[in-house]
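Structure file my_file-v2.csv; described as CSV, C-alpha atoms.
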```csv
chain,number,residue,atom,x,y,z
M,1296,ARG,CA,-15.7,11.2,-0.2
M,1297,CYS,CA,-13.9,8.2,1.1
M,1298,ASP,CA,-15.7,4.9,1.5
M,1299,PRO,CA,-15.2,3.3,5.0
M,1300,ARG,CA,-15.2,-0.2,3.4
M,1301,GLY,CA,-12.3,0.7,1.1
M,1302,GLY,CA,-8.7,-0.3,1.6
M,1303,LEU,CA,-5.7,2.0,1.1
M,1304,LEU,CA,-3.1,1.1,-1.5
M,1305,LEU,CA,0.1,3.2,-1.3
M,1306,VAL,CA,2.4,3.0,-4.3
M,1307,LYS,CA,5.8,3.5,-3.0
M,1308,PRO,CA,8.3,6.1,-4.3
M,1309,HIS,CA,10.6,3.6,-6.0
M,1310,ALA,CA,7.7,2.1,-8.0
M,1311,VAL,CA,6.5,5.6,-9.0
M,1312,ARG,CA,10.0,6.6,-10.1
M,1313,GLU,CA,10.4,3.5,-12.1
M,1314,GLY,CA,7.2,4.0,-14.0
M,1315,ARG,CA,5.2,1.2,-12.4
M,1316,LEU,CA,2.2,3.2,-11.3
M,1317,GLY,CA,0.3,2.6,-14.6
M,1318,GLY,CA,0.8,-1.2,-14.4
M,1319,ILE,CA,-0.3,-1.3,-10.7
M,1320,VAL,CA,-3.5,0.7,-11.4
M,1321,ARG,CA,-4.2,-1.5,-14.4
M,1322,ASP,CA,-3.8,-4.7,-12.3
M,1323,VAL,CA,-6.0,-3.3,-9.5
M,1324,VAL,CA,-8.8,-2.4,-11.8
M,1325,ALA,CA,-8.6,-5.8,-13.6
M,1326,ALA,CA,-8.9,-7.5,-10.2
M,1327,GLY,CA,-12.3,-5.8,-9.8
M,1328,PHE,CA,-11.5,-2.8,-7.6
M,1329,GLU,CA,-13.0,0.6,-8.1
M,1330,LEU,CA,-10.9,3.7,-7.4
M,1331,VAL,CA,-12.7,5.8,-4.8
M,1332,ALA,CA,-10.1,8.4,-4.0
M,1333,GLY,CA,-6.5,9.1,-5.1
M,1334,ARG,CA,-3.7,11.6,-4.5
M,1335,SER,CA,0.0,11.9,-4.8
M,1336,ALA,CA,2.0,12.9,-1.8
M,1337,ALA,CA,5.6,13.5,-0.8
M,1338,LEU,CA,6.0,12.3,2.8
M,1339,SER,CA,8.6,13.7,5.1
M,1340,ARG,CA,10.5,11.3,7.3
M,1341,VAL,CA,8.3,12.4,10.2
M,1342,ASN,CA,5.1,11.8,8.2
M,1343,ALA,CA,6.3,8.4,7.0
M,1344,SER,CA,7.2,7.3,10.5
M,1345,GLU,CA,3.9,8.5,11.9
M,1346,PHE,CA,2.0,6.7,9.2
M,1347,LEU,CA,3.9,3.4,9.8
M,1348,GLU,CA,4.0,3.8,13.6
M,1349,VAL,CA,1.9,0.6,14.1
M,1350,TYR,CA,4.7,-1.4,12.6
M,1351,GLN,CA,7.5,-0.1,14.9
M,1352,GLY,CA,8.8,-2.9,17.0
M,1353,VAL,CA,6.6,-5.4,15.1
M,1354,ARG,CA,8.2,-5.6,11.7
M,1355,PRO,CA,12.0,-5.4,11.5
M,1356,GLU,CA,11.8,-3.5,8.3
M,1357,ALA,CA,9.6,-0.7,9.7
M,1358,ARG,CA,12.4,1.9,10.0
M,1359,GLU,CA,13.5,1.2,6.4
M,1360,TRP,CA,9.9,1.3,5.1
M,1361,ALA,CA,9.6,4.8,6.6
M,1362,GLU,CA,12.9,5.8,5.0
M,1363,GLU,CA,11.7,4.5,1.6
M,1364,LEU,CA,8.4,6.4,1.9
M,1365,SER,CA,10.3,9.6,2.4
M,1366,GLN,CA,12.5,9.2,-0.7
M,1367,GLY,CA,10.1,10.8,-3.2
M,1368,GLY,CA,6.5,11.0,-4.3
M,1369,CYS,CA,4.1,8.2,-3.6
M,1370,VAL,CA,0.5,7.7,-4.7
M,1371,ALA,CA,-2.3,6.8,-2.3
M,1372,LEU,CA,-5.4,5.1,-3.7
M,1373,GLN,CA,-8.5,4.2,-1.8
M,1374,LEU,CA,-10.0,1.1,-3.4
M,1375,VAL,CA,-13.3,-0.8,-3.0
M,1376,LEU,CA,-13.9,-4.3,-4.4
M,1377,THR,CA,-16.9,-3.8,-6.6
M,1378,ALA,CA,-18.5,-7.2,-6.3
M,1379,GLU,CA,-18.0,-7.5,-2.5
M,1380,PRO,CA,-17.3,-4.1,-0.9
M,1381,GLN,CA,-17.2,-5.6,2.6
M,1382,ARG,CA,-14.2,-7.8,1.5
M,1383,SER,CA,-12.2,-4.8,0.1
M,1384,VAL,CA,-9.4,-4.9,2.7
M,1385,ALA,CA,-8.9,-8.7,2.6
M,1386,ALA,CA,-9.0,-8.9,-1.2
M,1387,LEU,CA,-6.5,-6.0,-1.5
M,1388,ARG,CA,-4.1,-7.8,0.9
M,1389,GLU,CA,-4.5,-10.9,-1.3
M,1390,LEU,CA,-3.8,-8.9,-4.4
M,1391,CYS,CA,-0.7,-7.3,-2.9
M,1392,GLY,CA,0.8,-10.7,-1.8
M,1393,ALA,CA,3.5,-11.4,0.7
M,1394,HIS,CA,5.7,-8.4,1.9
M,1395,ASP,CA,8.8,-10.1,0.5
M,1396,PRO,CA,8.6,-10.2,-3.3
M,1397,ALA,CA,10.7,-13.3,-3.4
M,1398,VAL,CA,8.1,-15.1,-1.3
M,1399,ALA,CA,5.2,-13.5,-3.2
M,1400,GLU,CA,6.7,-14.8,-6.5
M,1401,ARG,CA,6.5,-18.4,-5.2
M,1402,ILE,CA,3.1,-18.4,-3.6
M,1403,HIS,CA,1.2,-15.8,-5.6
M,1404,PRO,CA,3.2,-14.9,-8.8
M,1405,LYS,CA,0.5,-12.5,-10.1
M,1406,SER,CA,0.5,-10.4,-6.9
M,1407,LEU,CA,1.5,-6.8,-7.0
M,1408,ARG,CA,4.6,-7.3,-4.9
M,1409,ALA,CA,5.7,-10.3,-7.0
M,1410,ARG,CA,5.3,-8.2,-10.2
M,1411,TYR,CA,6.5,-4.8,-9.0
M,1412,GLY,CA,8.5,-5.3,-5.9
M,1413,GLU,CA,12.3,-5.6,-5.6
M,1414,ASP,CA,12.9,-6.6,-2.0
M,1415,LYS,CA,11.3,-6.4,1.5
M,1416,VAL,CA,11.6,-2.6,1.6
M,1417,ARG,CA,11.1,-1.6,-2.0
M,1418,ASN,CA,8.2,-4.1,-2.4
M,1419,GLY,CA,6.1,-1.8,-4.7
M,1420,VAL,CA,3.1,-1.1,-2.4
M,1421,HIS,CA,1.8,-0.8,1.1
M,1422,CYS,CA,-1.8,-1.9,1.7
M,1423,THR,CA,-4.2,-1.8,4.6
M,1424,ASP,CA,-3.7,-4.8,6.8
M,1425,LEU,CA,-6.9,-4.8,8.9
M,1426,PRO,CA,-10.5,-3.6,8.1
M,1427,GLU,CA,-10.5,-1.4,11.2
M,1428,ASP,CA,-7.3,0.4,10.0
M,1429,ALA,CA,-8.8,1.3,6.6
M,1430,PRO,CA,-10.7,4.5,7.7
M,1431,LEU,CA,-7.6,5.7,9.7
M,1432,GLU,CA,-5.3,5.2,6.8
M,1433,ALA,CA,-7.7,6.9,4.3
M,1434,GLU,CA,-8.1,9.8,6.8
M,1435,TYR,CA,-4.4,10.2,7.1
M,1436,PHE,CA,-3.8,10.6,3.4
M,1437,PHE,CA,-7.0,12.3,2.3
M,1438,SER,CA,-7.8,14.6,5.3
M,1439,LEU,CA,-4.7,15.0,7.5
M,1440,LEU,CA,-1.8,15.4,5.1
M,1441,PRO,CA,-1.5,18.9,3.6
```

Produce structure tokens that represent the structure in this file.
Amino acid sequence: RCDPRGGLLLVKPHAVREGRLGGIVRDVVAAGFELVAGRSAALSRVNASEFLEVYQGVRPEAREWAEELSQGGCVALQLVLTAEPQRSVAALRELCGAHDPAVAERIHPKSLRARYGEDKVRNGVHCTDLPEDAPLEAEYFFSLLP
């Protein structure tokens, strides 16, 4: 079902509410990614904190990220880079750009966060940071969440 090489892209609730999901999916496909799995989910505050636990104490925005994820429906997509599946996570990180959309606009203006993000918390998307985290993030959304 899920591909262990695939990265997770999580479209945040603000982006879903504001009608940005279609543009994000269009950009992901245009960048050469294949959609392996997808689902919508409404995370509780507990679920969001659990999912983002690795960032607690590491990123100052972690608590606010969890709050944002619990503010409505989000969409989880597992993606594989068609041409180089082993580079899926790294290529997805590049496509997403810097966490801060203002920084992303300067260094990678076509990145998802530059195009669809508003600030460091409502930055449009979350993506898998490390290849070893990819199967865990996919399992969380596609197997563990009800």

Distance query Cys1369 in chain M at most 9 Å, all atoms listed in the file, self and fewer than 6 positions along chain excluded, as a list in words: Leu1305, Val1306, Lys1307, Pro1308, His1309, Ala1310, Val1311, Arg1312, Arg1334, Ser1335, Ala1336, Ala1337 and Leu1338 of chain M

Separation of CA of Thr1377 in chain M from CA of Leu1364 in chain M in Å: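 Straight-line distance from CA of Leu1364 in chain M to CA of Thr1377 in chain M works out to 28.6 Å.
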
Distance criterion (only C-alpha atoms): nearest to Glu1313 in chain M out of M:Ala1393, M:Phe1346, M:Gly1368, M:Phe1436: M:Gly1368

Interatomic distance, CA of Gly1301 in chain M to CA of Val1324 in chain M (Å, one decimal):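 Between CA of Gly1301 in chain M and CA of Val1324 in chain M the gap is 13.7 Å.
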
Among listed residues M:Val1331, M:Ala1343, M:Ala1397, M:Leu1316, nearest Glu1362 in chain M (using all atoms listed in the file): M:Ala1343

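Put simply, CA of Ala1357 in chain M is 28.8 Å away from CA of Glu1329 in chain M.
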
From M:Leu1439, M:Leu1390, M:Pro1299, M:Pro1355, residue lying nearest Ala1325 in chain M [only C-alpha atoms]: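 Using only C-alpha atoms, Ala1325 in chain M sits closest to M:Leu1390.
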
Residue nearest Thr1423 in chain M - candidates M:Leu1387, M:Leu1407, M:Leu1330, M:Leu1440, atoms counted: all atoms listed in the file: M:Leu1387

M:Ala1378, M:Cys1391, M:Val1341, M:Cys1297 ranked by distance to His1421 in chain M, top pick (using all atoms listed in the file): M:Cys1391

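For the choices M:Asp1424, M:Gly1419, M:Ala1433, M:Leu1376, the atom-to-atom distance to Ala1326 in chain M is smallest for M:Leu1376 when using all atoms listed in the file.
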
Surrounding residues of Ser1406 in chain M excluding itself and chain neighbours under 6 positions, 10 Å, all atoms listed in the file, as a list in words: Ile1319, Asp1322, Val1323, Leu1387, Arg1388, Glu1389, Leu1390, Cys1391, Gly1392, Ala1393, Pro1396, Ala1399, Glu1400 and Gly1412 of chain M

Save out the residues we just selected, C-alpha atoms, as a short mmCIF file (atom, residue, chain, number, x, y, z; two decimals), keeping the file's coordinate frame.
```
data_model
loop_
_atom_site.label_atom_id
_atom_site.label_comp_id
_atom_site.auth_asym_id
_atom_site.auth_seq_id
_atom_site.Cartn_x
_atom_site.Cartn_y
_atom_site.Cartn_z
CA ILE M 1319 -0.30 -1.30 -10.70
CA ASP M 1322 -3.80 -4.70 -12.30
CA VAL M 1323 -6.00 -3.30 -9.50
CA LEU M 1387 -6.50 -6.00 -1.50
CA ARG M 1388 -4.10 -7.80 0.90
CA GLU M 1389 -4.50 -10.90 -1.30
CA LEU M 1390 -3.80 -8.90 -4.40
CA CYS M 1391 -0.70 -7.30 -2.90
CA GLY M 1392 0.80 -10.70 -1.80
CA ALA M 1393 3.50 -11.40 0.70
CA PRO M 1396 8.60 -10.20 -3.30
CA ALA M 1399 5.20 -13.50 -3.20
CA GLU M 1400 6.70 -14.80 -6.50
CA GLY M 1412 8.50 -5.30 -5.90
#
```

Need the neighbours of (10.3, -7.1, 7.9): which residues are at most 8 Å away, counting all atoms listed in the file, as a PDB file with C-alpha atoms, in the frame of the given file?
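File produced: part_34.pdb:
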```pdb
ATOM      1  CA  ARG M1354       8.200  -5.600  11.700  1.00  0.00           C
ATOM      2  CA  PRO M1355      12.000  -5.400  11.500  1.00  0.00           C
ATOM      3  CA  GLU M1356      11.800  -3.500   8.300  1.00  0.00           C
ATOM      4  CA  ALA M1357       9.600  -0.700   9.700  1.00  0.00           C
ATOM      5  CA  HIS M1394       5.700  -8.400   1.900  1.00  0.00           C
ATOM      6  CA  LYS M1415      11.300  -6.400   1.500  1.00  0.00           C
ATOM      7  CA  VAL M1416      11.600  -2.600   1.600  1.00  0.00           C
TER       8      VAL M1416
END
```
